[in-house]
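This is data-v7.txt (compact mmCIF, N, CA and C atoms).
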```txt
# COMPACT_ATOMS: atom_id res chain seq x y z
N MET A 1 112.99 42.72 272.96
CA MET A 1 113.79 43.92 272.85
C MET A 1 113.96 44.55 274.21
N SER A 2 115.01 45.35 274.36
CA SER A 2 115.24 46.02 275.63
C SER A 2 114.18 47.09 275.84
N GLY A 3 114.03 47.50 277.07
CA GLY A 3 112.93 48.38 277.44
C GLY A 3 113.22 49.85 277.21
N ALA A 4 113.51 50.26 276.02
CA ALA A 4 113.75 51.67 275.72
C ALA A 4 112.42 52.35 275.42
N SER A 5 112.44 53.66 275.48
CA SER A 5 111.25 54.45 275.21
C SER A 5 110.86 54.31 273.73
N TYR A 6 109.58 54.30 273.49
CA TYR A 6 109.06 54.21 272.13
C TYR A 6 109.53 55.39 271.28
N TYR A 7 109.71 56.55 271.91
CA TYR A 7 110.07 57.77 271.19
C TYR A 7 111.57 58.07 271.23
N ASP A 8 112.38 57.18 271.73
CA ASP A 8 113.82 57.40 271.83
C ASP A 8 114.44 57.30 270.44
N ILE A 9 114.91 58.43 269.90
CA ILE A 9 115.43 58.46 268.54
C ILE A 9 116.67 57.60 268.39
N ASP A 10 117.52 57.55 269.42
CA ASP A 10 118.71 56.70 269.36
C ASP A 10 118.33 55.23 269.26
N ASP A 11 117.30 54.83 269.98
CA ASP A 11 116.84 53.45 269.92
C ASP A 11 116.25 53.14 268.54
N ILE A 12 115.50 54.08 268.00
CA ILE A 12 114.92 53.90 266.67
C ILE A 12 116.02 53.72 265.63
N LEU A 13 117.04 54.56 265.71
CA LEU A 13 118.16 54.47 264.76
C LEU A 13 118.97 53.19 264.97
N ALA A 14 119.10 52.76 266.21
CA ALA A 14 119.89 51.55 266.50
C ALA A 14 119.25 50.31 265.88
N VAL A 15 117.93 50.20 265.94
CA VAL A 15 117.27 49.00 265.42
C VAL A 15 117.10 49.03 263.90
N GLN A 16 117.63 50.07 263.25
CA GLN A 16 117.63 50.11 261.79
C GLN A 16 118.77 49.28 261.20
N GLU A 17 119.73 48.87 262.05
CA GLU A 17 120.85 48.06 261.58
C GLU A 17 120.31 46.79 260.93
N ARG A 18 120.91 46.42 259.83
CA ARG A 18 120.46 45.24 259.09
C ARG A 18 121.16 43.99 259.61
N VAL A 19 120.40 42.91 259.71
CA VAL A 19 120.93 41.64 260.17
C VAL A 19 120.63 40.55 259.15
N PRO A 20 121.53 39.59 259.01
CA PRO A 20 121.28 38.49 258.06
C PRO A 20 120.22 37.53 258.61
N CYS A 21 119.38 37.05 257.71
CA CYS A 21 118.28 36.15 258.08
C CYS A 21 118.09 35.08 257.01
N VAL A 22 117.48 33.98 257.40
CA VAL A 22 117.07 32.93 256.46
C VAL A 22 115.58 32.74 256.66
N LEU A 23 114.82 32.93 255.59
CA LEU A 23 113.37 32.81 255.67
C LEU A 23 112.94 31.35 255.85
N GLN A 24 111.94 31.14 256.68
CA GLN A 24 111.40 29.81 256.92
C GLN A 24 110.10 29.56 256.15
N VAL A 25 109.52 30.62 255.61
CA VAL A 25 108.27 30.53 254.85
C VAL A 25 108.37 31.46 253.64
N ASP A 26 107.49 31.29 252.66
CA ASP A 26 107.40 32.22 251.55
C ASP A 26 106.69 33.48 252.05
N LEU A 27 107.22 34.65 251.71
CA LEU A 27 106.60 35.91 252.14
C LEU A 27 106.28 36.76 250.92
N ASP A 28 105.03 37.18 250.82
CA ASP A 28 104.61 38.08 249.75
C ASP A 28 104.88 39.52 250.16
N GLY A 29 105.36 40.31 249.22
CA GLY A 29 105.51 41.74 249.45
C GLY A 29 106.78 42.15 250.15
N LEU A 30 107.68 41.24 250.42
CA LEU A 30 108.93 41.61 251.09
C LEU A 30 110.01 41.96 250.08
N GLY A 31 109.93 41.39 248.90
CA GLY A 31 110.95 41.63 247.88
C GLY A 31 110.57 42.76 246.96
N SER A 32 111.42 43.00 246.00
CA SER A 32 111.17 44.03 244.99
C SER A 32 111.31 43.39 243.62
N SER A 33 110.34 43.64 242.77
CA SER A 33 110.37 43.02 241.45
C SER A 33 111.21 43.82 240.46
N GLY A 34 111.70 44.98 240.89
CA GLY A 34 112.52 45.79 240.01
C GLY A 34 111.73 46.79 239.19
N SER A 35 110.45 46.56 238.99
CA SER A 35 109.62 47.49 238.21
C SER A 35 108.74 48.33 239.13
N GLY A 36 109.14 48.44 240.39
CA GLY A 36 108.37 49.26 241.32
C GLY A 36 107.37 48.46 242.12
N GLY A 37 107.07 47.25 241.72
CA GLY A 37 106.13 46.42 242.47
C GLY A 37 106.85 45.55 243.48
N THR A 38 106.09 44.76 244.18
CA THR A 38 106.68 43.84 245.14
C THR A 38 106.52 42.42 244.65
N SER A 39 107.36 41.56 245.15
CA SER A 39 107.30 40.18 244.72
C SER A 39 107.41 39.26 245.93
N LYS A 40 107.27 37.99 245.66
CA LYS A 40 107.34 36.98 246.70
C LYS A 40 108.80 36.62 246.96
N VAL A 41 109.13 36.47 248.24
CA VAL A 41 110.46 36.01 248.63
C VAL A 41 110.29 34.58 249.11
N HIS A 42 111.09 33.68 248.59
CA HIS A 42 110.89 32.26 248.82
C HIS A 42 111.60 31.74 250.06
N ARG A 43 111.08 30.66 250.56
CA ARG A 43 111.62 29.99 251.73
C ARG A 43 113.10 29.63 251.51
N ASN A 44 113.87 29.64 252.59
CA ASN A 44 115.31 29.34 252.61
C ASN A 44 116.16 30.36 251.87
N SER A 45 115.57 31.49 251.47
CA SER A 45 116.39 32.53 250.86
C SER A 45 117.02 33.38 251.95
N ARG A 46 118.20 33.89 251.67
CA ARG A 46 118.93 34.72 252.62
C ARG A 46 118.58 36.18 252.34
N GLN A 47 118.27 36.90 253.40
CA GLN A 47 117.93 38.31 253.30
C GLN A 47 118.66 39.08 254.40
N THR A 48 118.88 40.34 254.18
CA THR A 48 119.32 41.22 255.27
C THR A 48 118.19 42.20 255.51
N LEU A 49 117.68 42.17 256.72
CA LEU A 49 116.53 42.99 257.08
C LEU A 49 116.88 43.89 258.25
N PRO A 50 116.18 45.01 258.39
CA PRO A 50 116.38 45.83 259.58
C PRO A 50 116.06 45.01 260.84
N PHE A 51 116.82 45.24 261.89
CA PHE A 51 116.66 44.44 263.10
C PHE A 51 115.23 44.48 263.62
N TRP A 52 114.59 45.65 263.60
CA TRP A 52 113.23 45.74 264.14
C TRP A 52 112.28 44.80 263.41
N MET A 53 112.45 44.65 262.10
CA MET A 53 111.59 43.77 261.32
C MET A 53 111.97 42.31 261.54
N ALA A 54 113.28 42.04 261.50
CA ALA A 54 113.74 40.67 261.65
C ALA A 54 113.40 40.11 263.03
N ASP A 55 113.50 40.94 264.05
CA ASP A 55 113.19 40.49 265.41
C ASP A 55 111.73 40.06 265.52
N ARG A 56 110.85 40.87 264.96
CA ARG A 56 109.41 40.54 265.00
C ARG A 56 109.09 39.29 264.18
N LEU A 57 109.66 39.18 262.99
CA LEU A 57 109.43 38.00 262.16
C LEU A 57 110.05 36.76 262.78
N ASN A 58 111.15 36.94 263.50
CA ASN A 58 111.78 35.83 264.21
C ASN A 58 110.89 35.32 265.34
N GLU A 59 110.25 36.24 266.05
CA GLU A 59 109.32 35.86 267.13
C GLU A 59 108.16 35.04 266.59
N GLU A 60 107.73 35.34 265.37
CA GLU A 60 106.60 34.65 264.75
C GLU A 60 107.03 33.41 263.97
N ASP A 61 108.32 33.06 264.04
CA ASP A 61 108.89 31.90 263.35
C ASP A 61 108.78 31.96 261.83
N TYR A 62 108.81 33.16 261.29
CA TYR A 62 108.83 33.32 259.84
C TYR A 62 110.25 33.25 259.30
N LEU A 63 111.23 33.51 260.17
CA LEU A 63 112.63 33.47 259.74
C LEU A 63 113.52 33.14 260.91
N ASN A 64 114.75 32.79 260.59
CA ASN A 64 115.79 32.60 261.61
C ASN A 64 116.79 33.72 261.42
N MET A 65 116.99 34.48 262.49
CA MET A 65 117.98 35.55 262.46
C MET A 65 119.35 34.96 262.72
N GLU A 66 120.33 35.40 261.95
CA GLU A 66 121.70 34.98 262.17
C GLU A 66 122.42 36.08 262.95
N VAL A 67 123.57 35.76 263.46
CA VAL A 67 124.34 36.73 264.23
C VAL A 67 124.83 37.84 263.30
N SER A 68 124.62 39.07 263.72
CA SER A 68 125.13 40.21 262.95
C SER A 68 126.65 40.13 262.91
N PRO A 69 127.26 40.42 261.76
CA PRO A 69 128.72 40.32 261.66
C PRO A 69 129.46 41.14 262.73
N MET A 70 128.87 42.23 263.19
CA MET A 70 129.55 43.04 264.21
C MET A 70 129.53 42.39 265.59
N PHE A 71 128.77 41.30 265.76
CA PHE A 71 128.74 40.56 267.03
C PHE A 71 129.09 39.08 266.83
N SER A 72 129.76 38.77 265.74
CA SER A 72 130.17 37.38 265.49
C SER A 72 131.28 37.00 266.46
N LYS A 73 131.58 35.71 266.56
CA LYS A 73 132.64 35.24 267.44
C LYS A 73 133.99 35.87 267.07
N GLN A 74 134.25 35.99 265.77
CA GLN A 74 135.50 36.59 265.30
C GLN A 74 135.57 38.06 265.74
N ALA A 75 134.49 38.80 265.58
CA ALA A 75 134.47 40.20 265.98
C ALA A 75 134.64 40.33 267.49
N ASN A 76 133.98 39.45 268.25
CA ASN A 76 134.10 39.49 269.71
C ASN A 76 135.53 39.22 270.16
N ARG A 77 136.23 38.32 269.47
CA ARG A 77 137.64 38.06 269.80
C ARG A 77 138.49 39.30 269.50
N MET A 78 138.18 39.97 268.42
CA MET A 78 138.91 41.18 268.06
C MET A 78 138.66 42.27 269.12
N TYR A 79 137.42 42.41 269.56
CA TYR A 79 137.09 43.40 270.58
C TYR A 79 137.80 43.08 271.90
N ALA A 80 137.87 41.80 272.25
CA ALA A 80 138.52 41.40 273.49
C ALA A 80 140.02 41.65 273.43
N ALA A 81 140.62 41.50 272.26
CA ALA A 81 142.07 41.67 272.12
C ALA A 81 142.48 43.13 272.29
N SER A 82 141.71 44.03 271.76
CA SER A 82 142.10 45.44 271.81
C SER A 82 140.85 46.34 271.78
N PRO A 83 140.08 46.35 272.86
CA PRO A 83 138.82 47.08 272.85
C PRO A 83 138.96 48.60 272.74
N GLU A 84 140.08 49.15 273.24
CA GLU A 84 140.19 50.60 273.21
C GLU A 84 140.67 51.14 271.87
N SER A 85 141.18 50.30 270.99
CA SER A 85 141.68 50.79 269.70
C SER A 85 140.67 50.66 268.56
N ILE A 86 139.53 50.06 268.82
CA ILE A 86 138.53 49.87 267.77
C ILE A 86 137.64 51.10 267.68
N GLN A 87 137.48 51.61 266.50
CA GLN A 87 136.62 52.77 266.28
C GLN A 87 135.18 52.29 266.05
N LEU A 88 134.42 52.25 267.13
CA LEU A 88 133.05 51.73 267.06
C LEU A 88 132.15 52.58 266.18
N ARG A 89 132.40 53.87 266.12
CA ARG A 89 131.58 54.75 265.28
C ARG A 89 131.71 54.36 263.81
N ALA A 90 132.86 53.82 263.42
CA ALA A 90 133.04 53.38 262.03
C ALA A 90 132.23 52.11 261.76
N ILE A 91 132.00 51.31 262.79
CA ILE A 91 131.20 50.09 262.64
C ILE A 91 129.73 50.46 262.56
N THR A 92 129.26 51.19 263.56
CA THR A 92 127.91 51.74 263.57
C THR A 92 127.85 52.82 264.64
N GLN A 93 127.10 53.86 264.39
CA GLN A 93 127.03 54.97 265.34
C GLN A 93 126.34 54.57 266.64
N HIS A 94 125.52 53.55 266.60
CA HIS A 94 124.75 53.15 267.77
C HIS A 94 125.14 51.74 268.21
N TYR A 95 126.43 51.50 268.30
CA TYR A 95 126.95 50.16 268.59
C TYR A 95 126.41 49.61 269.91
N TYR A 96 126.54 50.36 270.98
CA TYR A 96 126.12 49.86 272.29
C TYR A 96 124.60 49.69 272.36
N GLN A 97 123.87 50.64 271.82
CA GLN A 97 122.41 50.55 271.83
C GLN A 97 121.94 49.33 271.04
N PHE A 98 122.50 49.12 269.88
CA PHE A 98 122.16 47.95 269.07
C PHE A 98 122.58 46.68 269.79
N GLY A 99 123.73 46.72 270.44
CA GLY A 99 124.21 45.57 271.20
C GLY A 99 123.27 45.17 272.31
N LEU A 100 122.60 46.12 272.93
CA LEU A 100 121.62 45.79 273.97
C LEU A 100 120.47 44.98 273.39
N HIS A 101 120.05 45.33 272.19
CA HIS A 101 118.97 44.57 271.54
C HIS A 101 119.45 43.18 271.15
N VAL A 102 120.63 43.10 270.58
CA VAL A 102 121.18 41.81 270.17
C VAL A 102 121.44 40.94 271.40
N GLY A 103 121.79 41.58 272.51
CA GLY A 103 122.04 40.85 273.76
C GLY A 103 120.84 40.10 274.27
N ASP A 104 119.64 40.53 273.89
CA ASP A 104 118.43 39.79 274.26
C ASP A 104 118.38 38.45 273.55
N LEU A 105 119.07 38.33 272.42
CA LEU A 105 119.04 37.11 271.62
C LEU A 105 120.31 36.26 271.75
N ILE A 106 121.45 36.92 271.98
CA ILE A 106 122.73 36.22 272.06
C ILE A 106 123.31 36.47 273.46
N PRO A 107 123.32 35.46 274.31
CA PRO A 107 123.67 35.65 275.71
C PRO A 107 125.07 36.21 275.99
N GLU A 108 126.04 35.96 275.14
CA GLU A 108 127.40 36.42 275.43
C GLU A 108 127.63 37.89 275.07
N VAL A 109 126.76 38.51 274.31
CA VAL A 109 126.96 39.88 273.87
C VAL A 109 126.98 40.88 275.03
N PRO A 110 126.09 40.81 276.02
CA PRO A 110 126.17 41.78 277.12
C PRO A 110 127.51 41.76 277.85
N GLN A 111 128.10 40.60 278.02
CA GLN A 111 129.41 40.52 278.68
C GLN A 111 130.49 41.18 277.82
N VAL A 112 130.44 40.95 276.52
CA VAL A 112 131.40 41.58 275.60
C VAL A 112 131.25 43.10 275.67
N LEU A 113 130.01 43.59 275.64
CA LEU A 113 129.77 45.03 275.71
C LEU A 113 130.28 45.61 277.03
N ARG A 114 129.99 44.92 278.11
CA ARG A 114 130.42 45.38 279.44
C ARG A 114 131.94 45.45 279.53
N ASN A 115 132.62 44.40 279.10
CA ASN A 115 134.08 44.38 279.15
C ASN A 115 134.67 45.49 278.28
N MET A 116 134.14 45.63 277.07
CA MET A 116 134.65 46.64 276.16
C MET A 116 134.43 48.04 276.75
N TYR A 117 133.26 48.27 277.27
CA TYR A 117 132.93 49.58 277.84
C TYR A 117 133.85 49.90 279.01
N MET A 118 134.06 48.94 279.91
CA MET A 118 134.89 49.18 281.09
C MET A 118 136.35 49.44 280.70
N GLN A 119 136.88 48.71 279.74
CA GLN A 119 138.26 48.92 279.32
C GLN A 119 138.42 50.26 278.62
N ARG A 120 137.43 50.63 277.82
CA ARG A 120 137.50 51.93 277.15
C ARG A 120 137.36 53.06 278.17
N LEU A 121 136.51 52.87 279.17
CA LEU A 121 136.34 53.86 280.22
C LEU A 121 137.62 54.03 281.03
N GLN A 122 138.29 52.93 281.33
CA GLN A 122 139.56 53.00 282.04
C GLN A 122 140.60 53.76 281.22
N LYS A 123 140.62 53.54 279.93
CA LYS A 123 141.57 54.23 279.06
C LYS A 123 141.29 55.73 279.05
N ILE A 124 140.02 56.11 279.01
CA ILE A 124 139.64 57.53 279.04
C ILE A 124 140.07 58.14 280.37
N ALA A 125 139.83 57.45 281.48
CA ALA A 125 140.24 57.95 282.79
C ALA A 125 141.75 58.11 282.87
N GLN A 126 142.47 57.15 282.33
CA GLN A 126 143.93 57.21 282.33
C GLN A 126 144.42 58.42 281.53
N ILE A 127 143.83 58.64 280.37
CA ILE A 127 144.21 59.77 279.53
C ILE A 127 143.92 61.08 280.24
N SER A 128 142.75 61.16 280.88
CA SER A 128 142.38 62.42 281.55
C SER A 128 143.29 62.71 282.74
N GLN A 129 143.78 61.68 283.41
CA GLN A 129 144.67 61.87 284.55
C GLN A 129 146.08 62.24 284.12
N GLN A 130 146.53 61.72 283.00
CA GLN A 130 147.89 61.96 282.54
C GLN A 130 148.02 63.21 281.69
N GLY A 131 146.89 63.71 281.23
CA GLY A 131 146.93 64.92 280.41
C GLY A 131 147.57 64.70 279.06
N GLN A 132 147.42 63.49 278.50
CA GLN A 132 148.00 63.20 277.19
C GLN A 132 147.29 64.00 276.10
N ASN A 133 147.98 64.16 275.00
CA ASN A 133 147.40 64.80 273.84
C ASN A 133 146.40 63.84 273.20
N VAL A 134 145.13 64.15 273.33
CA VAL A 134 144.06 63.25 272.87
C VAL A 134 144.08 63.10 271.36
N GLU A 135 144.48 64.12 270.63
CA GLU A 135 144.44 64.08 269.18
C GLU A 135 145.45 63.08 268.61
N SER A 136 146.47 62.73 269.38
CA SER A 136 147.46 61.78 268.88
C SER A 136 147.08 60.33 269.13
N LEU A 137 145.99 60.11 269.85
CA LEU A 137 145.56 58.75 270.17
C LEU A 137 144.69 58.17 269.08
N ASP A 138 144.76 56.87 268.91
CA ASP A 138 143.92 56.16 267.93
C ASP A 138 142.74 55.54 268.66
N PHE A 139 141.87 56.38 269.21
CA PHE A 139 140.78 55.90 270.07
C PHE A 139 139.46 56.31 269.53
```

As structure tokens, how would this structure be written, given the file I've shared?
Amino acid sequence: MSGASYYDIDDILAVQERVPCVLQVDLDGLGSSGSGGTSKVHRNSRQTLPFWMADRLNEEDYLNMEVSPMFSKQANRMYAASPESIQLRAITQHYYQFGLHVGDLIPEVPQVLRNMYMQRLQKIAQISQQGQNVESLDF
């Protein structure tokens, strides 16, 4: 994980994002039996877990983390096509912070984040220089 402060609330909220995983071993107590108790989750079952949990279990080889849909190849192509028109807050409030964590696992994510950030920053600078009506923009 990236080197954020243990007490950074934004970092805590960012790693709450759920990611798809495939379990490599049977795990007791991870599932819910429906009657308030916990049950065993079997090997090769697909789960969506909070990133903080999945990252730790991935390090211990208990599961394989899959790419979060918000950082899939299809999503990255969409971001590259029109980075300034995508409403990242609608995807997740902590998109960049979560992306930093995912970037530790997926090498192309930091470049996508950097390009998107720079293009969005250029658009903001352009708007501020031209004095456009910000409320009419889809940004």

Those of chain A in DSSP strand (DSSP E), formatted as a tab-separated table (two decimals) with N, CA and C atoms, in the coordinates of the input:
```tsv
chain	number	residue	atom	x	y	z
A	18	ARG	N	120.91	46.42	259.83
A	18	ARG	CA	120.46	45.24	259.09
A	18	ARG	C	121.16	43.99	259.61
A	19	VAL	N	120.40	42.91	259.71
A	19	VAL	CA	120.93	41.64	260.17
A	19	VAL	C	120.63	40.55	259.15
A	20	PRO	N	121.53	39.59	259.01
A	20	PRO	CA	121.28	38.49	258.06
A	20	PRO	C	120.22	37.53	258.61
A	21	CYS	N	119.38	37.05	257.71
A	21	CYS	CA	118.28	36.15	258.08
A	21	CYS	C	118.09	35.08	257.01
A	22	VAL	N	117.48	33.98	257.40
A	22	VAL	CA	117.07	32.93	256.46
A	22	VAL	C	115.58	32.74	256.66
A	23	LEU	N	114.82	32.93	255.59
A	23	LEU	CA	113.37	32.81	255.67
A	23	LEU	C	112.94	31.35	255.85
A	27	LEU	N	107.22	34.65	251.71
A	27	LEU	CA	106.60	35.91	252.14
A	27	LEU	C	106.28	36.76	250.92
A	28	ASP	N	105.03	37.18	250.82
A	28	ASP	CA	104.61	38.08	249.75
A	28	ASP	C	104.88	39.52	250.16
A	29	GLY	N	105.36	40.31	249.22
A	29	GLY	CA	105.51	41.74	249.45
A	29	GLY	C	106.78	42.15	250.15
A	30	LEU	N	107.68	41.24	250.42
A	30	LEU	CA	108.93	41.61	251.09
A	30	LEU	C	110.01	41.96	250.08
A	31	GLY	N	109.93	41.39	248.90
A	31	GLY	CA	110.95	41.63	247.88
A	31	GLY	C	110.57	42.76	246.96
A	32	SER	N	111.42	43.00	246.00
A	32	SER	CA	111.17	44.03	244.99
A	32	SER	C	111.31	43.39	243.62
A	38	THR	N	106.09	44.76	244.18
A	38	THR	CA	106.68	43.84	245.14
A	38	THR	C	106.52	42.42	244.65
A	39	SER	N	107.36	41.56	245.15
A	39	SER	CA	107.30	40.18	244.72
A	39	SER	C	107.41	39.26	245.93
A	40	LYS	N	107.27	37.99	245.66
A	40	LYS	CA	107.34	36.98	246.70
A	40	LYS	C	108.80	36.62	246.96
A	41	VAL	N	109.13	36.47	248.24
A	41	VAL	CA	110.46	36.01	248.63
A	41	VAL	C	110.29	34.58	249.11
A	46	ARG	N	118.20	33.89	251.67
A	46	ARG	CA	118.93	34.72	252.62
A	46	ARG	C	118.58	36.18	252.34
A	47	GLN	N	118.27	36.90	253.40
A	47	GLN	CA	117.93	38.31	253.30
A	47	GLN	C	118.66	39.08	254.40
A	48	THR	N	118.88	40.34	254.18
A	48	THR	CA	119.32	41.22	255.27
A	48	THR	C	118.19	42.20	255.51
A	49	LEU	N	117.68	42.17	256.72
A	49	LEU	CA	116.53	42.99	257.08
A	49	LEU	C	116.88	43.89	258.25
A	50	PRO	N	116.18	45.01	258.39
A	50	PRO	CA	116.38	45.83	259.58
A	50	PRO	C	116.06	45.01	260.84
A	63	LEU	N	111.23	33.51	260.17
A	63	LEU	CA	112.63	33.47	259.74
A	63	LEU	C	113.52	33.14	260.91
A	64	ASN	N	114.75	32.79	260.59
A	64	ASN	CA	115.79	32.60	261.61
A	64	ASN	C	116.79	33.72	261.42
A	65	MET	N	116.99	34.48	262.49
A	65	MET	CA	117.98	35.55	262.46
A	65	MET	C	119.35	34.96	262.72
```

Check your understanding: Hey, what's within 6 Å of Val25 (chain A) if we count only N, CA and C atoms and toss same-chain stuff fewer than 6 positions away? As a ChimeraX atom specification, please?
Key -> /A:41-44,62-63

Exercise for review: Quick one: pull the distance between atom N of Gln111 (chain A) and CA of Thr48 (chain A), Å, one decimal.
Suggested key: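 Taking atom N of Gln111 (chain A) and CA of Thr48 (chain A), their separation equals 24.4 Å.
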
Review point. Which residues, written as a ChimeraX atom specification, have at least one atom at most 12 Å from region 75-85 of chain A, with only C-alpha atoms counted and residues fewer than 6 positions away on the same chain left out?
Key: /A:67-69,91,99,108-124,126-127,137-139

Contacts between region 8-11 of chain A and region 63-119 of chain A, please, where a residue of region 63-119 of chain A counts if it comes within 8 Å (with all atoms listed in the file); show its shortest atom pair and distance in Å to one decimal, rows by chain and ascending number, as CSV.
```
residue,atom,partner,partner_atom,distance
A:His94,CA,A:Asp10,C,6.9
A:Gln97,CA,A:Asp11,CA,6.6
A:Phe98,N,A:Asp11,CA,7.1
```

**Study point:** Protein, DNA and RNA residues within 6 Å of (115.1, 30.6, 259.4), all atoms listed in the file, as number ranges by chain
**Key:** A: 21-24, 62-65

Review point. CA of Ala90 (chain A) and CA of Ser45 (chain A), how far apart in Å?
Key: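 Answer for the CA of Ser45 (chain A) to CA of Ala90 (chain A) separation: 28.9 Å.
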
Review point. Which one of A:Val102, A:Tyr6, A:Val19, A:Gly29 sits closest to Ala54 (chain A) if you count all atoms listed in the file?
Key: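 The closest residue to Ala54 (chain A) is A:Val19.
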
Practice item. Write out as a PyMOL selection string all residues of chain A that DSSP puts in helix (DSSP H, G or I) for this structure's backbone. Key: chain A and resi 9-14+51-59+69-71+73-81+88-91+95-103+109-130+134-136

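When atom C of Ser72 (chain A) is paired with CA of Leu13 (chain A), their separation reads 21.9 Å.
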
**Study point:** Exercise: Val15 (chain A) partners within 5 Å, only N, CA and C atoms, chain neighbours under 3 positions left out, as an NGL selection string
**Key:** :A and (11-12 or 51-52)
